[in-house]
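Engineer: Below you will find the structure I want to go over with you.
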Amino acid sequence: MHSKKVPFRPRPITGELVVRNGPKVGARKTLLLPCTRIGTAETCDLRILDDDVRQHHCVISVTPDGPLLDSLGGTTLVNGDPVNRRILLSGDFLTIGQIILEVFWYHHPAPEPEHQYYQTPGKKNVGNFGNNSHSPRLRVAS
């Protein structure tokens with residue numbers, strides 16, 4: 001009996017983003033240290049080629065508290081809500097232009113500081129995003 005060999009794929013050290021819609025559904029991008037830059041510029045680590053996405057749209061920094069999203073002027077939605085800055089949780093959905101990315105975080109956050117500097121709002125149902133006629137291109141930089 002022959003068994004099908006599955007190639008070994010090591011789990012990212014910190015976490016990753018998984019594309020949940022569009023032509024690249026299922027594509028994965030490891031969250032880089034110290035940060036992952038997202039936008040249309042060739043210098044971005046994750047390029048989303050969409051008219052609604054800025055050259056330098058947002059950045060996700062790896063911190064002891066978890067992945068920290070900083071929007072750089074573009075509209076970035078987390079679980080359907082516009083966000084400027086927020087610690088992301090595993091299972092959160094980012095919407096950047098027409099692309100939806102799911103966050104996977106593999107480290108437990110460090111103990112909470114004595115004073116909270118941010119507030120993580122409760123998750124909302126991201127709902128059915130349906131099919132859009134606009135199909136942006138996604139390019140993962142190597």
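Simple scheme: letters A, B, ... for chains in structure tokens order, numbers from 1 for residues in each chain, numbers from 1 for ligands in the order shown.
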If you run DSSP over the backbone, which residues in segment 7-118 of chain A end up strand (DSSP E)? Put them as an mmCIF file with all heavy atoms, in the first residue's frame.

Structural biologist:
```
data_model
loop_
_atom_site.group_PDB
_atom_site.id
_atom_site.type_symbol
_atom_site.label_atom_id
_atom_site.label_comp_id
_atom_site.auth_asym_id
_atom_site.auth_seq_id
_atom_site.Cartn_x
_atom_site.Cartn_y
_atom_site.Cartn_z
ATOM 1 N N GLY A 15 3.270 34.049 13.570
ATOM 2 C CA GLY A 15 1.891 33.959 13.118
ATOM 3 C C GLY A 15 1.845 34.161 11.623
ATOM 4 O O GLY A 15 2.879 34.279 10.970
ATOM 5 N N GLU A 16 0.631 34.198 11.099
ATOM 6 C CA GLU A 16 0.493 34.384 9.656
ATOM 7 C C GLU A 16 -0.853 34.968 9.316
ATOM 8 O O GLU A 16 -1.783 34.976 10.136
ATOM 9 C CB GLU A 16 0.721 33.072 8.917
ATOM 10 C CG GLU A 16 -0.230 31.969 9.254
ATOM 11 C CD GLU A 16 0.155 30.634 8.612
ATOM 12 O OE1 GLU A 16 0.943 30.611 7.653
ATOM 13 O OE2 GLU A 16 -0.347 29.615 9.080
ATOM 14 N N LEU A 17 -0.945 35.466 8.090
ATOM 15 C CA LEU A 17 -2.190 35.960 7.517
ATOM 16 C C LEU A 17 -2.591 34.992 6.419
ATOM 17 O O LEU A 17 -1.745 34.564 5.636
ATOM 18 C CB LEU A 17 -1.985 37.357 6.922
ATOM 19 C CG LEU A 17 -1.464 38.433 7.869
ATOM 20 C CD1 LEU A 17 -1.135 39.706 7.095
ATOM 21 C CD2 LEU A 17 -2.492 38.710 8.949
ATOM 22 N N VAL A 18 -3.879 34.641 6.365
ATOM 23 C CA VAL A 18 -4.376 33.720 5.347
ATOM 24 C C VAL A 18 -5.456 34.437 4.541
ATOM 25 O O VAL A 18 -6.398 34.996 5.113
ATOM 26 C CB VAL A 18 -4.941 32.425 5.979
ATOM 27 C CG1 VAL A 18 -5.485 31.499 4.903
ATOM 28 C CG2 VAL A 18 -3.873 31.726 6.808
ATOM 29 N N VAL A 19 -5.302 34.441 3.224
ATOM 30 C CA VAL A 19 -6.263 35.085 2.328
ATOM 31 C C VAL A 19 -7.553 34.269 2.323
ATOM 32 O O VAL A 19 -7.531 33.050 2.122
ATOM 33 C CB VAL A 19 -5.695 35.202 0.898
ATOM 34 C CG1 VAL A 19 -6.716 35.846 -0.040
ATOM 35 C CG2 VAL A 19 -4.388 35.977 0.909
ATOM 36 N N ARG A 28 -0.876 32.067 2.094
ATOM 37 C CA ARG A 28 -0.437 32.393 3.453
ATOM 38 C C ARG A 28 0.771 33.319 3.405
ATOM 39 O O ARG A 28 1.625 33.181 2.544
ATOM 40 C CB ARG A 28 -0.053 31.127 4.209
ATOM 41 C CG ARG A 28 -1.221 30.192 4.392
ATOM 42 C CD ARG A 28 -0.786 28.848 4.980
ATOM 43 N NE ARG A 28 -1.924 27.999 5.177
ATOM 44 C CZ ARG A 28 -2.698 27.991 6.263
ATOM 45 N NH1 ARG A 28 -2.407 28.784 7.266
ATOM 46 N NH2 ARG A 28 -3.727 27.190 6.360
ATOM 47 N N LYS A 29 0.812 34.252 4.356
ATOM 48 C CA LYS A 29 1.956 35.144 4.494
ATOM 49 C C LYS A 29 2.369 35.161 5.965
ATOM 50 O O LYS A 29 1.596 35.549 6.830
ATOM 51 C CB LYS A 29 1.593 36.566 4.031
ATOM 52 C CG LYS A 29 2.697 37.574 4.247
ATOM 53 C CD LYS A 29 3.917 37.232 3.436
ATOM 54 C CE LYS A 29 5.029 38.254 3.668
ATOM 55 N NZ LYS A 29 6.312 37.785 3.230
ATOM 56 N N THR A 30 3.581 34.718 6.244
ATOM 57 C CA THR A 30 4.100 34.718 7.605
ATOM 58 C C THR A 30 4.281 36.155 8.079
ATOM 59 O O THR A 30 4.756 37.008 7.331
ATOM 60 C CB THR A 30 5.469 33.988 7.648
ATOM 61 O OG1 THR A 30 5.262 32.639 7.240
ATOM 62 C CG2 THR A 30 6.074 34.014 9.035
ATOM 63 N N CYS A 35 8.330 43.573 11.518
ATOM 64 C CA CYS A 35 7.003 43.981 11.048
ATOM 65 C C CYS A 35 6.758 43.487 9.620
ATOM 66 O O CYS A 35 7.681 43.150 8.894
ATOM 67 C CB CYS A 35 6.847 45.499 11.116
ATOM 68 S SG CYS A 35 7.932 46.395 10.004
ATOM 69 N N THR A 36 5.470 43.460 9.257
ATOM 70 C CA THR A 36 5.029 43.123 7.911
ATOM 71 C C THR A 36 4.342 44.350 7.340
ATOM 72 O O THR A 36 3.362 44.842 7.922
ATOM 73 C CB THR A 36 4.053 41.926 7.938
ATOM 74 O OG1 THR A 36 4.710 40.804 8.527
ATOM 75 C CG2 THR A 36 3.569 41.570 6.544
ATOM 76 N N ARG A 37 4.853 44.858 6.220
ATOM 77 C CA ARG A 37 4.291 46.044 5.580
ATOM 78 C C ARG A 37 3.314 45.607 4.494
ATOM 79 O O ARG A 37 3.643 44.759 3.676
ATOM 80 C CB ARG A 37 5.406 46.892 4.990
ATOM 81 C CG ARG A 37 6.376 47.405 6.057
ATOM 82 C CD ARG A 37 7.673 47.848 5.479
ATOM 83 N NE ARG A 37 8.273 46.671 4.806
ATOM 84 C CZ ARG A 37 9.340 46.724 4.053
ATOM 85 N NH1 ARG A 37 9.938 47.850 3.828
ATOM 86 N NH2 ARG A 37 9.825 45.629 3.486
ATOM 87 N N ILE A 38 2.130 46.230 4.494
ATOM 88 C CA ILE A 38 1.074 45.867 3.549
ATOM 89 C C ILE A 38 0.680 47.108 2.754
ATOM 90 O O ILE A 38 0.474 48.179 3.323
ATOM 91 C CB ILE A 38 -0.157 45.294 4.283
ATOM 92 C CG1 ILE A 38 0.247 44.064 5.108
ATOM 93 C CG2 ILE A 38 -1.272 44.956 3.289
ATOM 94 C CD1 ILE A 38 -0.837 43.543 6.025
ATOM 95 N N GLY A 39 0.591 46.954 1.434
ATOM 96 C CA GLY A 39 0.192 48.056 0.569
ATOM 97 C C GLY A 39 0.443 47.690 -0.884
ATOM 98 O O GLY A 39 0.657 46.527 -1.219
ATOM 99 N N LEU A 46 3.645 42.389 1.747
ATOM 100 C CA LEU A 46 2.409 41.824 1.204
ATOM 101 C C LEU A 46 1.786 42.905 0.339
ATOM 102 O O LEU A 46 1.365 43.946 0.845
ATOM 103 C CB LEU A 46 1.465 41.401 2.332
ATOM 104 C CG LEU A 46 0.109 40.845 1.901
ATOM 105 C CD1 LEU A 46 0.280 39.590 1.050
ATOM 106 C CD2 LEU A 46 -0.748 40.540 3.114
ATOM 107 N N ARG A 47 1.776 42.663 -0.973
ATOM 108 C CA ARG A 47 1.236 43.650 -1.910
ATOM 109 C C ARG A 47 -0.184 43.272 -2.282
ATOM 110 O O ARG A 47 -0.447 42.146 -2.686
ATOM 111 C CB ARG A 47 2.099 43.718 -3.163
ATOM 112 C CG ARG A 47 3.490 44.271 -2.869
ATOM 113 C CD ARG A 47 4.311 44.375 -4.117
ATOM 114 N NE ARG A 47 3.750 45.426 -4.986
ATOM 115 C CZ ARG A 47 3.944 45.477 -6.286
ATOM 116 N NH1 ARG A 47 4.655 44.543 -6.899
ATOM 117 N NH2 ARG A 47 3.420 46.444 -6.997
ATOM 118 N N ILE A 48 -1.081 44.238 -2.144
ATOM 119 C CA ILE A 48 -2.470 44.071 -2.556
ATOM 120 C C ILE A 48 -2.707 45.120 -3.636
ATOM 121 O O ILE A 48 -2.736 46.319 -3.351
ATOM 122 C CB ILE A 48 -3.444 44.231 -1.373
ATOM 123 C CG1 ILE A 48 -3.146 43.169 -0.312
ATOM 124 C CG2 ILE A 48 -4.892 44.155 -1.868
ATOM 125 C CD1 ILE A 48 -3.977 43.296 0.944
ATOM 126 N N LEU A 49 -2.828 44.664 -4.866
ATOM 127 C CA LEU A 49 -2.959 45.570 -6.002
ATOM 128 C C LEU A 49 -4.434 45.863 -6.245
ATOM 129 O O LEU A 49 -5.112 45.159 -6.982
ATOM 130 C CB LEU A 49 -2.277 44.954 -7.231
ATOM 131 C CG LEU A 49 -0.815 44.560 -7.013
ATOM 132 C CD1 LEU A 49 -0.250 43.915 -8.271
ATOM 133 C CD2 LEU A 49 0.014 45.742 -6.571
ATOM 134 N N CYS A 58 -0.839 49.764 5.676
ATOM 135 C CA CYS A 58 -0.773 49.461 7.106
ATOM 136 C C CYS A 58 0.455 48.608 7.380
ATOM 137 O O CYS A 58 1.099 48.108 6.458
ATOM 138 C CB CYS A 58 -2.046 48.766 7.601
ATOM 139 S SG CYS A 58 -2.375 47.160 6.852
ATOM 140 N N VAL A 59 0.760 48.461 8.657
ATOM 141 C CA VAL A 59 1.892 47.637 9.068
ATOM 142 C C VAL A 59 1.454 46.828 10.288
ATOM 143 O O VAL A 59 0.684 47.306 11.118
ATOM 144 C CB VAL A 59 3.139 48.504 9.375
ATOM 145 C CG1 VAL A 59 2.920 49.437 10.544
ATOM 146 C CG2 VAL A 59 4.353 47.647 9.598
ATOM 147 N N ILE A 60 1.915 45.578 10.352
ATOM 148 C CA ILE A 60 1.657 44.728 11.514
ATOM 149 C C ILE A 60 3.004 44.431 12.156
ATOM 150 O O ILE A 60 3.874 43.810 11.538
ATOM 151 C CB ILE A 60 0.943 43.425 11.118
ATOM 152 C CG1 ILE A 60 -0.401 43.736 10.466
ATOM 153 C CG2 ILE A 60 0.757 42.528 12.352
ATOM 154 C CD1 ILE A 60 -1.123 42.529 9.909
ATOM 155 N N SER A 61 3.178 44.921 13.382
ATOM 156 C CA SER A 61 4.428 44.734 14.130
ATOM 157 C C SER A 61 4.254 43.589 15.112
ATOM 158 O O SER A 61 3.209 43.464 15.753
ATOM 159 C CB SER A 61 4.781 46.004 14.898
ATOM 160 O OG SER A 61 4.889 47.096 14.025
ATOM 161 N N VAL A 62 5.278 42.772 15.243
ATOM 162 C CA VAL A 62 5.277 41.688 16.220
ATOM 163 C C VAL A 62 5.742 42.288 17.543
ATOM 164 O O VAL A 62 6.841 42.829 17.635
ATOM 165 C CB VAL A 62 6.191 40.534 15.770
ATOM 166 C CG1 VAL A 62 6.291 39.477 16.844
ATOM 167 C CG2 VAL A 62 5.658 39.940 14.475
ATOM 168 N N THR A 63 4.878 42.232 18.567
ATOM 169 C CA THR A 63 5.185 42.796 19.881
ATOM 170 C C THR A 63 4.995 41.717 20.941
ATOM 171 O O THR A 63 4.366 40.685 20.676
ATOM 172 C CB THR A 63 4.254 43.982 20.208
ATOM 173 O OG1 THR A 63 2.944 43.479 20.525
ATOM 174 C CG2 THR A 63 4.168 44.983 19.063
ATOM 175 N N GLY A 66 1.418 40.752 21.247
ATOM 176 C CA GLY A 66 0.758 40.167 20.087
ATOM 177 C C GLY A 66 0.990 41.041 18.869
ATOM 178 O O GLY A 66 1.702 42.049 18.926
ATOM 179 N N PRO A 67 0.379 40.688 17.734
ATOM 180 C CA PRO A 67 0.564 41.475 16.511
ATOM 181 C C PRO A 67 -0.178 42.810 16.626
ATOM 182 O O PRO A 67 -1.367 42.844 16.914
ATOM 183 C CB PRO A 67 -0.024 40.590 15.416
ATOM 184 C CG PRO A 67 -0.942 39.650 16.117
ATOM 185 C CD PRO A 67 -0.451 39.513 17.525
ATOM 186 N N LEU A 68 0.547 43.906 16.408
ATOM 187 C CA LEU A 68 -0.016 45.251 16.527
ATOM 188 C C LEU A 68 -0.222 45.830 15.136
ATOM 189 O O LEU A 68 0.739 46.012 14.382
ATOM 190 C CB LEU A 68 0.919 46.149 17.338
ATOM 191 C CG LEU A 68 0.514 47.617 17.443
ATOM 192 C CD1 LEU A 68 -0.809 47.769 18.196
ATOM 193 C CD2 LEU A 68 1.615 48.422 18.122
ATOM 194 N N LEU A 69 -1.480 46.118 14.797
ATOM 195 C CA LEU A 69 -1.827 46.725 13.513
ATOM 196 C C LEU A 69 -1.779 48.236 13.649
ATOM 197 O O LEU A 69 -2.368 48.795 14.570
ATOM 198 C CB LEU A 69 -3.239 46.300 13.091
ATOM 199 C CG LEU A 69 -3.807 47.057 11.884
ATOM 200 C CD1 LEU A 69 -3.164 46.569 10.601
ATOM 201 C CD2 LEU A 69 -5.303 46.917 11.818
ATOM 202 N N ASP A 70 -1.077 48.890 12.741
ATOM 203 C CA ASP A 70 -1.087 50.348 12.618
ATOM 204 C C ASP A 70 -1.522 50.681 11.207
ATOM 205 O O ASP A 70 -0.845 50.315 10.243
ATOM 206 C CB ASP A 70 0.307 50.945 12.870
ATOM 207 C CG ASP A 70 0.620 51.083 14.337
ATOM 208 O OD1 ASP A 70 -0.177 51.725 15.050
ATOM 209 O OD2 ASP A 70 1.654 50.547 14.773
ATOM 210 N N SER A 71 -2.659 51.373 11.075
ATOM 211 C CA SER A 71 -3.118 51.818 9.768
ATOM 212 C C SER A 71 -2.332 53.075 9.412
ATOM 213 O O SER A 71 -2.142 53.946 10.255
ATOM 214 C CB SER A 71 -4.623 52.100 9.822
ATOM 215 O OG SER A 71 -5.118 52.310 8.532
ATOM 216 N N THR A 76 -8.545 50.434 7.105
ATOM 217 C CA THR A 76 -8.306 49.048 7.461
ATOM 218 C C THR A 76 -9.410 48.624 8.409
ATOM 219 O O THR A 76 -9.618 49.261 9.438
ATOM 220 C CB THR A 76 -6.930 48.880 8.137
ATOM 221 O OG1 THR A 76 -5.920 49.423 7.276
ATOM 222 C CG2 THR A 76 -6.626 47.421 8.407
ATOM 223 N N LEU A 77 -10.129 47.569 8.046
ATOM 224 C CA LEU A 77 -11.209 47.067 8.894
ATOM 225 C C LEU A 77 -10.738 45.828 9.636
ATOM 226 O O LEU A 77 -10.080 44.963 9.051
ATOM 227 C CB LEU A 77 -12.441 46.705 8.052
ATOM 228 C CG LEU A 77 -13.033 47.816 7.184
ATOM 229 C CD1 LEU A 77 -14.210 47.268 6.373
ATOM 230 C CD2 LEU A 77 -13.476 48.993 8.023
ATOM 231 N N VAL A 78 -11.076 45.754 10.913
ATOM 232 C CA VAL A 78 -10.837 44.552 11.703
ATOM 233 C C VAL A 78 -12.203 44.074 12.164
ATOM 234 O O VAL A 78 -12.914 44.800 12.862
ATOM 235 C CB VAL A 78 -9.913 44.818 12.914
ATOM 236 C CG1 VAL A 78 -9.746 43.553 13.741
ATOM 237 C CG2 VAL A 78 -8.565 45.345 12.456
ATOM 238 N N ASP A 81 -14.940 46.628 11.573
ATOM 239 C CA ASP A 81 -14.839 47.962 12.169
ATOM 240 C C ASP A 81 -13.566 48.666 11.712
ATOM 241 O O ASP A 81 -12.490 48.065 11.723
ATOM 242 C CB ASP A 81 -14.817 47.872 13.705
ATOM 243 C CG ASP A 81 -16.117 47.339 14.276
ATOM 244 O OD1 ASP A 81 -17.190 47.659 13.727
ATOM 245 O OD2 ASP A 81 -16.060 46.598 15.277
ATOM 246 N N PRO A 82 -13.649 49.979 11.359
ATOM 247 C CA PRO A 82 -12.442 50.711 10.986
ATOM 248 C C PRO A 82 -11.521 50.847 12.201
ATOM 249 O O PRO A 82 -11.971 51.121 13.309
ATOM 250 C CB PRO A 82 -12.957 52.074 10.526
ATOM 251 C CG PRO A 82 -14.396 52.124 10.843
ATOM 252 C CD PRO A 82 -14.849 50.770 11.273
ATOM 253 N N ARG A 85 -5.319 51.645 15.167
ATOM 254 C CA ARG A 85 -4.272 50.906 15.870
ATOM 255 C C ARG A 85 -4.939 49.915 16.811
ATOM 256 O O ARG A 85 -5.853 50.267 17.550
ATOM 257 C CB ARG A 85 -3.404 51.878 16.663
ATOM 258 C CG ARG A 85 -2.247 51.212 17.346
ATOM 259 C CD ARG A 85 -1.301 52.227 17.898
ATOM 260 N NE ARG A 85 0.036 51.662 17.784
ATOM 261 C CZ ARG A 85 1.022 52.004 18.543
ATOM 262 N NH1 ARG A 85 0.886 52.931 19.442
ATOM 263 N NH2 ARG A 85 2.187 51.418 18.392
ATOM 264 N N ARG A 86 -4.433 48.674 16.780
ATOM 265 C CA ARG A 86 -5.045 47.657 17.629
ATOM 266 C C ARG A 86 -4.187 46.401 17.668
ATOM 267 O O ARG A 86 -3.584 46.018 16.680
ATOM 268 C CB ARG A 86 -6.417 47.299 17.079
ATOM 269 C CG ARG A 86 -7.160 46.337 17.989
ATOM 270 C CD ARG A 86 -8.427 45.870 17.385
ATOM 271 N NE ARG A 86 -8.483 44.439 17.624
ATOM 272 C CZ ARG A 86 -9.511 43.698 17.382
ATOM 273 N NH1 ARG A 86 -10.580 44.218 16.850
ATOM 274 N NH2 ARG A 86 -9.491 42.425 17.629
ATOM 275 N N ILE A 87 -4.172 45.751 18.825
ATOM 276 C CA ILE A 87 -3.577 44.420 18.928
ATOM 277 C C ILE A 87 -4.548 43.454 18.259
ATOM 278 O O ILE A 87 -5.751 43.467 18.539
ATOM 279 C CB ILE A 87 -3.345 44.022 20.407
ATOM 280 C CG1 ILE A 87 -2.257 44.890 21.039
ATOM 281 C CG2 ILE A 87 -3.007 42.538 20.531
ATOM 282 C CD1 ILE A 87 -0.854 44.605 20.547
ATOM 283 N N PHE A 93 -10.421 39.107 11.423
ATOM 284 C CA PHE A 93 -10.447 39.267 9.974
ATOM 285 C C PHE A 93 -10.091 40.703 9.624
ATOM 286 O O PHE A 93 -10.724 41.633 10.113
ATOM 287 C CB PHE A 93 -11.833 38.932 9.404
ATOM 288 C CG PHE A 93 -12.140 37.465 9.421
ATOM 289 C CD1 PHE A 93 -12.749 36.877 10.516
ATOM 290 C CD2 PHE A 93 -11.814 36.661 8.332
ATOM 291 C CE1 PHE A 93 -13.027 35.523 10.536
ATOM 292 C CE2 PHE A 93 -12.088 35.306 8.340
ATOM 293 C CZ PHE A 93 -12.695 34.734 9.448
ATOM 294 N N LEU A 94 -9.058 40.871 8.784
ATOM 295 C CA LEU A 94 -8.678 42.191 8.278
ATOM 296 C C LEU A 94 -9.257 42.344 6.887
ATOM 297 O O LEU A 94 -9.164 41.420 6.074
ATOM 298 C CB LEU A 94 -7.160 42.319 8.155
ATOM 299 C CG LEU A 94 -6.305 42.112 9.382
ATOM 300 C CD1 LEU A 94 -4.837 42.275 9.013
ATOM 301 C CD2 LEU A 94 -6.678 43.100 10.448
ATOM 302 N N THR A 95 -9.834 43.507 6.600
ATOM 303 C CA THR A 95 -10.274 43.809 5.246
ATOM 304 C C THR A 95 -9.439 44.980 4.770
ATOM 305 O O THR A 95 -9.459 46.059 5.372
ATOM 306 C CB THR A 95 -11.773 44.158 5.198
ATOM 307 O OG1 THR A 95 -12.513 43.066 5.754
ATOM 308 C CG2 THR A 95 -12.231 44.401 3.771
ATOM 309 N N ILE A 96 -8.680 44.749 3.706
ATOM 310 C CA ILE A 96 -7.810 45.761 3.121
ATOM 311 C C ILE A 96 -8.180 45.821 1.649
ATOM 312 O O ILE A 96 -7.945 44.863 0.908
ATOM 313 C CB ILE A 96 -6.331 45.400 3.325
ATOM 314 C CG1 ILE A 96 -6.033 45.266 4.828
ATOM 315 C CG2 ILE A 96 -5.439 46.442 2.672
ATOM 316 C CD1 ILE A 96 -4.680 44.709 5.148
ATOM 317 N N ILE A 99 -9.716 42.646 -0.215
ATOM 318 C CA ILE A 99 -9.132 41.394 0.262
ATOM 319 C C ILE A 99 -9.406 41.202 1.755
ATOM 320 O O ILE A 99 -9.250 42.127 2.546
ATOM 321 C CB ILE A 99 -7.606 41.370 -0.001
ATOM 322 C CG1 ILE A 99 -7.332 41.365 -1.499
ATOM 323 C CG2 ILE A 99 -6.928 40.183 0.680
ATOM 324 C CD1 ILE A 99 -7.791 40.100 -2.222
ATOM 325 N N ILE A 100 -9.784 39.990 2.111
ATOM 326 C CA ILE A 100 -10.022 39.625 3.510
ATOM 327 C C ILE A 100 -8.921 38.666 3.933
ATOM 328 O O ILE A 100 -8.655 37.665 3.269
ATOM 329 C CB ILE A 100 -11.398 38.958 3.683
ATOM 330 C CG1 ILE A 100 -12.499 39.926 3.237
ATOM 331 C CG2 ILE A 100 -11.603 38.513 5.132
ATOM 332 C CD1 ILE A 100 -13.831 39.274 3.022
ATOM 333 N N LEU A 101 -8.250 39.007 5.045
ATOM 334 C CA LEU A 101 -7.163 38.203 5.592
ATOM 335 C C LEU A 101 -7.541 37.755 6.991
ATOM 336 O O LEU A 101 -8.015 38.560 7.793
ATOM 337 C CB LEU A 101 -5.874 39.030 5.675
ATOM 338 C CG LEU A 101 -5.388 39.671 4.381
ATOM 339 C CD1 LEU A 101 -4.330 40.717 4.674
ATOM 340 C CD2 LEU A 101 -4.847 38.602 3.452
ATOM 341 N N GLU A 102 -7.325 36.473 7.290
ATOM 342 C CA GLU A 102 -7.558 35.985 8.646
ATOM 343 C C GLU A 102 -6.224 35.929 9.378
ATOM 344 O O GLU A 102 -5.211 35.505 8.825
ATOM 345 C CB GLU A 102 -8.199 34.594 8.631
ATOM 346 C CG GLU A 102 -8.588 34.125 10.021
ATOM 347 C CD GLU A 102 -9.368 32.831 10.026
ATOM 348 O OE1 GLU A 102 -9.645 32.273 8.935
ATOM 349 O OE2 GLU A 102 -9.719 32.358 11.125
ATOM 350 N N VAL A 103 -6.233 36.362 10.643
ATOM 351 C CA VAL A 103 -5.027 36.408 11.463
ATOM 352 C C VAL A 103 -4.889 35.107 12.240
ATOM 353 O O VAL A 103 -5.858 34.645 12.860
ATOM 354 C CB VAL A 103 -5.093 37.590 12.463
ATOM 355 C CG1 VAL A 103 -3.886 37.598 13.390
ATOM 356 C CG2 VAL A 103 -5.246 38.908 11.732
ATOM 357 N N PHE A 104 -3.694 34.534 12.208
ATOM 358 C CA PHE A 104 -3.353 33.398 13.063
ATOM 359 C C PHE A 104 -2.127 33.796 13.868
ATOM 360 O O PHE A 104 -1.111 34.188 13.296
ATOM 361 C CB PHE A 104 -3.061 32.143 12.228
ATOM 362 C CG PHE A 104 -4.292 31.562 11.610
ATOM 363 C CD1 PHE A 104 -4.708 31.967 10.353
ATOM 364 C CD2 PHE A 104 -5.038 30.622 12.302
ATOM 365 C CE1 PHE A 104 -5.864 31.442 9.792
ATOM 366 C CE2 PHE A 104 -6.193 30.087 11.749
ATOM 367 C CZ PHE A 104 -6.601 30.505 10.486
ATOM 368 N N TRP A 105 -2.215 33.727 15.181
ATOM 369 C CA TRP A 105 -1.126 34.104 16.081
ATOM 370 C C TRP A 105 -0.769 32.880 16.900
ATOM 371 O O TRP A 105 -1.643 32.259 17.507
ATOM 372 C CB TRP A 105 -1.565 35.257 16.969
ATOM 373 C CG TRP A 105 -0.512 35.752 17.887
ATOM 374 C CD1 TRP A 105 -0.512 35.693 19.245
ATOM 375 C CD2 TRP A 105 0.714 36.395 17.531
ATOM 376 N NE1 TRP A 105 0.622 36.259 19.752
ATOM 377 C CE2 TRP A 105 1.407 36.690 18.719
ATOM 378 C CE3 TRP A 105 1.306 36.729 16.312
ATOM 379 C CZ2 TRP A 105 2.648 37.310 18.731
ATOM 380 C CZ3 TRP A 105 2.537 37.353 16.325
ATOM 381 C CH2 TRP A 105 3.188 37.643 17.521
#
```

Engineer: Would you work out the distance separating atom CA of Ala27 of chain A from atom CA of Leu72 of chain A, expressed in Å to one decimal?

Structural biologist: 23.7 Å

Engineer: Taking 6 positions as the minimum chain separation for residues in the same chain, which residues sit within 7 Å of Gly74 of chain A when counting only C-alpha atoms? Answer as JSON, numbers by chain.

Structural biologist: {"A": [53, 54, 57]}

Engineer: Would you work out the distance separating atom CA of Asp65 of chain A from atom CA of Leu89 of chain A, expressed in Å to one decimal?

Structural biologist: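 Calculated distance between atom CA of Asp65 of chain A and atom CA of Leu89 of chain A is 10.0 Å.
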
Engineer: Take atom CA of Asn21 of chain A and atom CA of Gly73 of chain A and report the distance between them in Å, one decimal.

Structural biologist: 23.3 Å
